[in-house]
>>> print(open('data_38.cif').read())   # mmCIF, C-alpha atoms
data_coords
loop_
_atom_site.label_atom_id
_atom_site.label_comp_id
_atom_site.auth_asym_id
_atom_site.auth_seq_id
_atom_site.Cartn_x
_atom_site.Cartn_y
_atom_site.Cartn_z
CA MET F 1 -111.41 -105.21 194.06
CA THR F 2 -112.78 -105.48 197.58
CA ALA F 3 -111.70 -103.34 200.52
CA ILE F 4 -110.28 -106.43 202.28
CA HIS F 5 -108.24 -107.35 199.20
CA LEU F 6 -106.98 -103.77 198.95
CA GLN F 7 -106.00 -103.76 202.65
CA GLY F 8 -103.96 -106.93 202.08
CA ILE F 9 -102.13 -105.33 199.15
CA VAL F 10 -101.42 -102.19 201.19
CA ARG F 11 -100.18 -104.27 204.13
CA ARG F 12 -97.84 -106.27 201.87
CA ALA F 13 -96.58 -103.08 200.22
CA VAL F 14 -95.92 -101.42 203.58
CA PHE F 15 -94.24 -104.54 204.92
CA GLY F 16 -92.22 -104.90 201.72
CA GLY F 17 -91.23 -101.24 201.95
CA MET F 18 -90.15 -101.74 205.54
CA ILE F 19 -88.00 -104.68 204.51
CA THR F 20 -86.46 -102.62 201.71
CA VAL F 21 -85.70 -99.78 204.12
CA PHE F 22 -84.31 -102.23 206.68
CA LEU F 23 -82.04 -103.88 204.10
CA ALA F 24 -80.85 -100.49 202.89
CA LEU F 25 -80.03 -99.47 206.47
CA VAL F 26 -78.22 -102.73 207.19
CA THR F 27 -76.21 -102.41 203.97
CA THR F 28 -75.38 -98.75 204.66
CA THR F 29 -74.45 -99.53 208.26
CA ALA F 30 -72.26 -102.45 207.21
CA LEU F 31 -70.50 -100.33 204.60
CA ALA F 32 -70.03 -97.49 207.08
CA SER F 33 -68.67 -99.83 209.75
CA GLY F 34 -66.24 -101.32 207.23
CA ARG F 35 -65.16 -97.82 206.23
CA TRP F 36 -64.81 -96.81 209.88
CA ALA F 37 -62.68 -99.85 210.72
CA THR F 38 -60.45 -99.33 207.67
CA LEU F 39 -59.98 -95.64 208.45
CA GLU F 40 -59.20 -96.40 212.09
CA ALA F 41 -56.61 -98.93 210.95
CA ILE F 42 -55.06 -96.36 208.60
CA HIS F 43 -55.04 -93.79 211.41
CA HIS F 44 -53.32 -96.29 213.68
CA LEU F 45 -50.64 -96.95 211.06
CA GLU F 46 -50.17 -93.32 210.08
CA ASN F 47 -50.35 -91.30 213.29
CA PRO F 48 -51.73 -93.20 216.30
CA ARG F 49 -50.73 -90.49 218.79
CA ASN F 50 -52.14 -87.62 216.68
CA LEU F 51 -48.82 -85.81 216.60
CA ALA F 52 -49.07 -82.28 215.20
CA ARG F 53 -45.62 -82.16 213.63
CA PRO F 54 -45.36 -82.78 209.88
CA GLY F 55 -44.11 -86.08 208.50
CA SER F 56 -40.91 -86.39 206.47
CA LYS F 57 -42.74 -85.33 203.27
CA GLY F 58 -44.88 -82.63 204.90
CA GLU F 59 -47.80 -84.93 205.77
CA LEU F 60 -50.19 -83.72 208.45
CA GLY F 61 -52.92 -85.03 210.69
CA ALA F 62 -54.35 -88.29 211.89
CA TYR F 63 -54.10 -89.83 208.42
CA GLN F 64 -50.86 -88.08 207.38
CA PHE F 65 -52.33 -86.35 204.35
CA ARG F 66 -50.10 -84.68 201.84
CA ALA F 67 -51.20 -81.19 200.84
CA SER F 68 -52.15 -82.32 197.31
CA THR F 69 -54.44 -85.07 198.62
CA TRP F 70 -55.98 -82.69 201.16
CA ARG F 71 -56.75 -80.15 198.45
CA MET F 72 -58.50 -82.81 196.33
CA HIS F 73 -61.25 -83.04 198.91
CA THR F 74 -61.57 -79.70 200.69
CA THR F 75 -60.90 -75.98 200.56
CA VAL F 76 -60.15 -75.94 204.29
CA PRO F 77 -56.53 -74.79 204.82
CA PHE F 78 -54.08 -77.69 204.95
CA ALA F 79 -52.76 -76.52 208.33
CA ARG F 80 -56.11 -77.60 209.82
CA ALA F 81 -55.36 -81.22 208.96
CA ILE F 82 -53.93 -81.51 212.48
CA LYS F 83 -57.48 -81.19 213.85
CA ARG F 84 -58.85 -84.72 214.08
CA SER F 85 -62.39 -83.65 213.21
CA GLU F 86 -61.18 -81.95 210.00
CA SER F 87 -58.98 -84.93 209.11
CA ASP F 88 -61.87 -87.34 209.65
CA ILE F 89 -64.04 -85.47 207.14
CA VAL F 90 -61.31 -85.51 204.50
CA ALA F 91 -60.47 -89.15 205.29
CA VAL F 92 -64.06 -90.22 204.57
CA ARG F 93 -64.04 -88.26 201.32
CA HIS F 94 -60.70 -89.75 200.29
CA TYR F 95 -61.86 -93.26 201.23
CA GLU F 96 -64.99 -92.82 199.09
CA TRP F 97 -62.92 -91.42 196.21
CA LEU F 98 -60.61 -94.46 196.37
CA ARG F 99 -63.58 -96.84 196.67
CA ALA F 100 -65.24 -95.32 193.60
CA GLY F 101 -61.97 -95.44 191.65
CA LEU F 102 -61.42 -99.09 192.50
CA GLN F 103 -64.98 -99.96 191.53
CA ARG F 104 -64.67 -98.11 188.21
CA ALA F 105 -61.59 -100.21 187.50
CA GLY F 106 -63.49 -103.41 188.34
CA VAL F 107 -61.54 -103.97 191.57
CA GLU F 108 -63.39 -104.89 194.75
CA PRO F 109 -62.82 -102.13 197.34
CA THR F 110 -61.72 -104.38 200.20
CA PRO F 111 -59.90 -102.93 203.21
CA TYR F 112 -56.69 -104.31 201.68
CA MET F 113 -57.23 -102.57 198.35
CA ILE F 114 -58.33 -99.30 199.98
CA ALA F 115 -55.18 -99.30 202.13
CA LEU F 116 -53.01 -100.27 199.15
CA ALA F 117 -54.41 -97.36 197.13
CA TRP F 118 -54.18 -95.04 200.17
CA ASN F 119 -50.49 -95.80 200.61
CA GLY F 120 -49.29 -96.64 197.12
CA GLY F 121 -51.66 -94.60 194.98
CA LEU F 122 -54.89 -95.52 193.21
CA SER F 123 -53.33 -95.97 189.79
CA ALA F 124 -50.54 -98.20 191.11
CA ALA F 125 -53.02 -100.31 193.08
CA VAL F 126 -55.32 -100.77 190.08
CA LYS F 127 -52.48 -101.55 187.67
CA GLY F 128 -50.74 -103.96 190.06
CA ARG F 129 -47.69 -101.70 190.32
CA ALA F 130 -47.77 -100.78 194.00
CA PRO F 131 -44.41 -101.25 195.73
CA ALA F 132 -43.80 -104.04 198.24
CA VAL F 133 -43.88 -101.55 201.11
CA ALA F 134 -47.42 -100.52 200.11
CA HIS F 135 -48.50 -104.18 200.06
CA ASP F 136 -47.03 -104.64 203.54
CA TYR F 137 -48.94 -101.54 204.69
CA ALA F 138 -52.15 -102.90 203.14
CA ARG F 139 -51.74 -106.27 204.91
CA ARG F 140 -51.23 -104.54 208.25
CA ALA F 141 -54.22 -102.24 207.66
CA GLN F 142 -56.43 -105.17 206.65
CA ASN F 143 -55.45 -107.11 209.79
CA LEU F 144 -56.02 -104.10 212.05
CA ALA F 145 -59.37 -103.32 210.41
CA GLY F 146 -60.45 -106.91 211.03
CA GLU F 147 -59.45 -106.68 214.68
CA ILE F 148 -61.21 -103.33 215.06
CA ARG F 149 -64.42 -104.69 213.54
CA SER F 150 -64.27 -107.83 215.68
CA SER F 151 -63.81 -105.75 218.83
CA ALA F 152 -66.65 -103.44 217.87
CA ASP F 153 -68.92 -106.39 217.06
CA ALA F 154 -68.06 -108.07 220.37
CA GLY F 155 -68.77 -104.82 222.21
CA ALA F 156 -72.12 -104.45 220.47
CA ARG F 157 -73.06 -108.05 221.29
CA SER F 158 -72.00 -107.51 224.90
CA ALA F 159 -74.03 -104.31 225.18
CA GLY F 160 -77.06 -106.03 223.63
CA ALA F 161 -76.87 -108.86 226.17
CA ARG F 162 -77.26 -106.51 229.13
#
>>> encode(input="data_38.cif", output="structure tokens")
Amino acid sequence: MTAIHLQGIVRRAVFGGMITVFLALVTTTALASGRWATLEAIHHLENPRNLARPGSKGELGAYQFRASTWRMHTTVPFARAIKRSESDIVAVRHYEWLRAGLQRAGVEPTPYMIALAWNGGLSAAVKGRAPAVAHDYARRAQNLAGEIRSSADAGARSAGAR
């Protein structure tokens, strides 16, 4: 094997590796932006003004977590759910837990299905037993998430054009 031939192989490997890294970043970024938009939609439906008072069933924080859901994902005291930064961490963990559960059940984790499971429960969403009110919630969350992503994409395109 000549040195020139070896350089060509190395160049192709480096370029191929860069493409692999780029595709991984694009995929990760797309998934994260979809998660972000879905969680923002859920926040908007649950507690858009970040009120600190508990909901009718004791829910707290930006995403109106119940204590049992909060404890699934953190050892931080439930009272700290009213801090947006704490709620955001638990929201991402809960989103990923729901996503993994949907995928294990062979269900695509779309914003609609994530919101349906968030509101109606994972088991009910997977088994097709979520109540009508949870389906309505999921439709509203899906629509909001789409609007949020569109606005973010338009803002990014606008910033890139400057």
>>> resolve_selection(input="data_38.cif", expression="the PyMOL selection byres ((chain F and resi 59-70) around 6)", output="PyMOL selection string")
chain F and resi 43+46-47+50+54-55+57-58+71-73+81-82
>>> atom_distance(input="data_38.cif", atom1="atom CA of Trp36 of chain F", atom2="atom CA of Tyr95 of chain F")
9.8 Å
>>> atom_distance(input="data_38.cif", atom1="atom CA of Arg149 of chain F", atom2="atom CA of Arg35 of chain F")
10.1 Å
>>> closest_atom_pairs(input="data_38.cif", of="segment 36-97 of chain F", to="segment 106-127 of chain F", cutoff="9 Å", atoms="all atoms listed in the file", output="Markdown table")
| residue | atom | partner | partner_atom | distance |
| --- | --- | --- | --- | --- |
| F:Ala37 | CA | F:Pro111 | CA | 8.6 |
| F:Thr38 | CA | F:Pro111 | CA | 5.8 |
| F:Leu39 | CA | F:Ala115 | CA | 8.7 |
| F:Ala41 | CA | F:Ala115 | CA | 8.9 |
| F:Ile42 | CA | F:Ala115 | CA | 7.1 |
| F:His94 | CA | F:Trp118 | CA | 8.4 |
| F:Tyr95 | CA | F:Ile114 | CA | 7.1 |
>>> closest_residue(input="data_38.cif", among="F:Ala145, F:Ala52, F:Gly155, F:Leu102", to="Gly128 of chain F", atoms="all atoms listed in the file")
F:Leu102
>>> atom_distance(input="data_38.cif", atom1="atom CA of Arg140 of chain F", atom2="atom CA of Glu40 of chain F")
12.0 Å
>>> build_atoms(input="data_38.cif", residues="segment 118-154 of chain F", atoms="N, CA and C atoms", output="mmCIF file, in the coordinates of the input")
data_model
loop_
_atom_site.group_PDB
_atom_site.id
_atom_site.type_symbol
_atom_site.label_atom_id
_atom_site.label_comp_id
_atom_site.auth_asym_id
_atom_site.auth_seq_id
_atom_site.Cartn_x
_atom_site.Cartn_y
_atom_site.Cartn_z
ATOM 1 N N TRP F 118 -54.452 -96.155 199.258
ATOM 2 C CA TRP F 118 -54.180 -95.040 200.170
ATOM 3 C C TRP F 118 -52.669 -94.824 200.257
ATOM 4 N N ASN F 119 -51.925 -95.902 200.390
ATOM 5 C CA ASN F 119 -50.490 -95.800 200.610
ATOM 6 C C ASN F 119 -49.673 -95.765 199.326
ATOM 7 N N GLY F 120 -50.087 -96.529 198.337
ATOM 8 C CA GLY F 120 -49.290 -96.640 197.120
ATOM 9 C C GLY F 120 -49.829 -95.885 195.929
ATOM 10 N N GLY F 121 -51.027 -95.323 196.064
ATOM 11 C CA GLY F 121 -51.660 -94.600 194.980
ATOM 12 C C GLY F 121 -52.705 -95.446 194.270
ATOM 13 N N LEU F 122 -53.785 -94.812 193.858
ATOM 14 C CA LEU F 122 -54.890 -95.520 193.210
ATOM 15 C C LEU F 122 -54.442 -96.172 191.908
ATOM 16 N N SER F 123 -53.757 -95.445 191.081
ATOM 17 C CA SER F 123 -53.330 -95.970 189.790
ATOM 18 C C SER F 123 -52.421 -97.181 189.968
ATOM 19 N N ALA F 124 -51.462 -97.087 190.870
ATOM 20 C CA ALA F 124 -50.540 -98.200 191.110
ATOM 21 C C ALA F 124 -51.286 -99.426 191.644
ATOM 22 N N ALA F 125 -52.251 -99.195 192.517
ATOM 23 C CA ALA F 125 -53.020 -100.310 193.080
ATOM 24 C C ALA F 125 -53.834 -101.004 191.989
ATOM 25 N N VAL F 126 -54.480 -100.216 191.142
ATOM 26 C CA VAL F 126 -55.320 -100.770 190.080
ATOM 27 C C VAL F 126 -54.489 -101.512 189.034
ATOM 28 N N LYS F 127 -53.329 -100.960 188.712
ATOM 29 C CA LYS F 127 -52.480 -101.550 187.670
ATOM 30 C C LYS F 127 -51.542 -102.641 188.179
ATOM 31 N N GLY F 128 -51.600 -102.931 189.499
ATOM 32 C CA GLY F 128 -50.740 -103.960 190.060
ATOM 33 C C GLY F 128 -49.289 -103.535 190.154
ATOM 34 N N ARG F 129 -49.052 -102.230 190.290
ATOM 35 C CA ARG F 129 -47.690 -101.700 190.320
ATOM 36 C C ARG F 129 -47.306 -101.079 191.659
ATOM 37 N N ALA F 130 -48.088 -101.343 192.681
ATOM 38 C CA ALA F 130 -47.770 -100.780 194.000
ATOM 39 C C ALA F 130 -46.512 -101.447 194.538
ATOM 40 N N PRO F 131 -45.655 -100.675 195.195
ATOM 41 C CA PRO F 131 -44.410 -101.250 195.730
ATOM 42 C C PRO F 131 -44.678 -102.221 196.885
ATOM 43 N N ALA F 132 -43.685 -103.035 197.173
ATOM 44 C CA ALA F 132 -43.800 -104.040 198.240
ATOM 45 C C ALA F 132 -44.156 -103.388 199.574
ATOM 46 N N VAL F 133 -43.592 -102.225 199.848
ATOM 47 C CA VAL F 133 -43.880 -101.550 201.110
ATOM 48 C C VAL F 133 -45.356 -101.183 201.210
ATOM 49 N N ALA F 134 -45.990 -100.837 200.109
ATOM 50 C CA ALA F 134 -47.420 -100.520 200.110
ATOM 51 C C ALA F 134 -48.246 -101.785 200.346
ATOM 52 N N HIS F 135 -47.799 -102.916 199.809
ATOM 53 C CA HIS F 135 -48.500 -104.180 200.060
ATOM 54 C C HIS F 135 -48.383 -104.577 201.535
ATOM 55 N N ASP F 136 -47.206 -104.350 202.115
ATOM 56 C CA ASP F 136 -47.030 -104.640 203.540
ATOM 57 C C ASP F 136 -47.973 -103.758 204.366
ATOM 58 N N TYR F 137 -48.042 -102.492 204.032
ATOM 59 C CA TYR F 137 -48.940 -101.540 204.690
ATOM 60 C C TYR F 137 -50.387 -102.021 204.574
ATOM 61 N N ALA F 138 -50.775 -102.442 203.376
ATOM 62 C CA ALA F 138 -52.150 -102.900 203.140
ATOM 63 C C ALA F 138 -52.473 -104.139 203.968
ATOM 64 N N ARG F 139 -51.517 -105.070 204.075
ATOM 65 C CA ARG F 139 -51.740 -106.270 204.910
ATOM 66 C C ARG F 139 -51.940 -105.878 206.372
ATOM 67 N N ARG F 140 -51.095 -104.974 206.857
ATOM 68 C CA ARG F 140 -51.230 -104.540 208.250
ATOM 69 C C ARG F 140 -52.553 -103.817 208.474
ATOM 70 N N ALA F 141 -52.942 -102.964 207.534
ATOM 71 C CA ALA F 141 -54.220 -102.240 207.660
ATOM 72 C C ALA F 141 -55.395 -103.220 207.634
ATOM 73 N N GLN F 142 -55.348 -104.183 206.735
ATOM 74 C CA GLN F 142 -56.430 -105.170 206.650
ATOM 75 C C GLN F 142 -56.546 -105.946 207.968
ATOM 76 N N ASN F 143 -55.416 -106.374 208.520
ATOM 77 C CA ASN F 143 -55.450 -107.110 209.790
ATOM 78 C C ASN F 143 -55.989 -106.246 210.922
ATOM 79 N N LEU F 144 -55.527 -105.009 211.001
ATOM 80 C CA LEU F 144 -56.020 -104.100 212.050
ATOM 81 C C LEU F 144 -57.509 -103.824 211.885
ATOM 82 N N ALA F 145 -57.943 -103.589 210.655
ATOM 83 C CA ALA F 145 -59.370 -103.320 210.410
ATOM 84 C C ALA F 145 -60.214 -104.519 210.856
ATOM 85 N N GLY F 146 -59.738 -105.714 210.587
ATOM 86 C CA GLY F 146 -60.450 -106.910 211.030
ATOM 87 C C GLY F 146 -60.541 -106.992 212.546
ATOM 88 N N GLU F 147 -59.442 -106.678 213.223
ATOM 89 C CA GLU F 147 -59.450 -106.680 214.680
ATOM 90 C C GLU F 147 -60.378 -105.601 215.235
ATOM 91 N N ILE F 148 -60.355 -104.430 214.619
ATOM 92 C CA ILE F 148 -61.210 -103.330 215.060
ATOM 93 C C ILE F 148 -62.685 -103.696 214.905
ATOM 94 N N ARG F 149 -63.016 -104.279 213.758
ATOM 95 C CA ARG F 149 -64.420 -104.690 213.540
ATOM 96 C C ARG F 149 -64.834 -105.778 214.510
ATOM 97 N N SER F 150 -63.955 -106.748 214.740
ATOM 98 C CA SER F 150 -64.270 -107.830 215.680
ATOM 99 C C SER F 150 -64.495 -107.285 217.083
ATOM 100 N N SER F 151 -63.653 -106.357 217.505
ATOM 101 C CA SER F 151 -63.810 -105.750 218.830
ATOM 102 C C SER F 151 -65.104 -104.971 218.924
ATOM 103 N N ALA F 152 -65.411 -104.220 217.874
ATOM 104 C CA ALA F 152 -66.650 -103.440 217.870
ATOM 105 C C ALA F 152 -67.865 -104.362 217.879
ATOM 106 N N ASP F 153 -67.813 -105.435 217.087
ATOM 107 C CA ASP F 153 -68.920 -106.390 217.060
ATOM 108 C C ASP F 153 -69.103 -107.064 218.412
ATOM 109 N N ALA F 154 -67.985 -107.436 219.053
ATOM 110 C CA ALA F 154 -68.060 -108.070 220.370
ATOM 111 C C ALA F 154 -68.634 -107.098 221.390
#
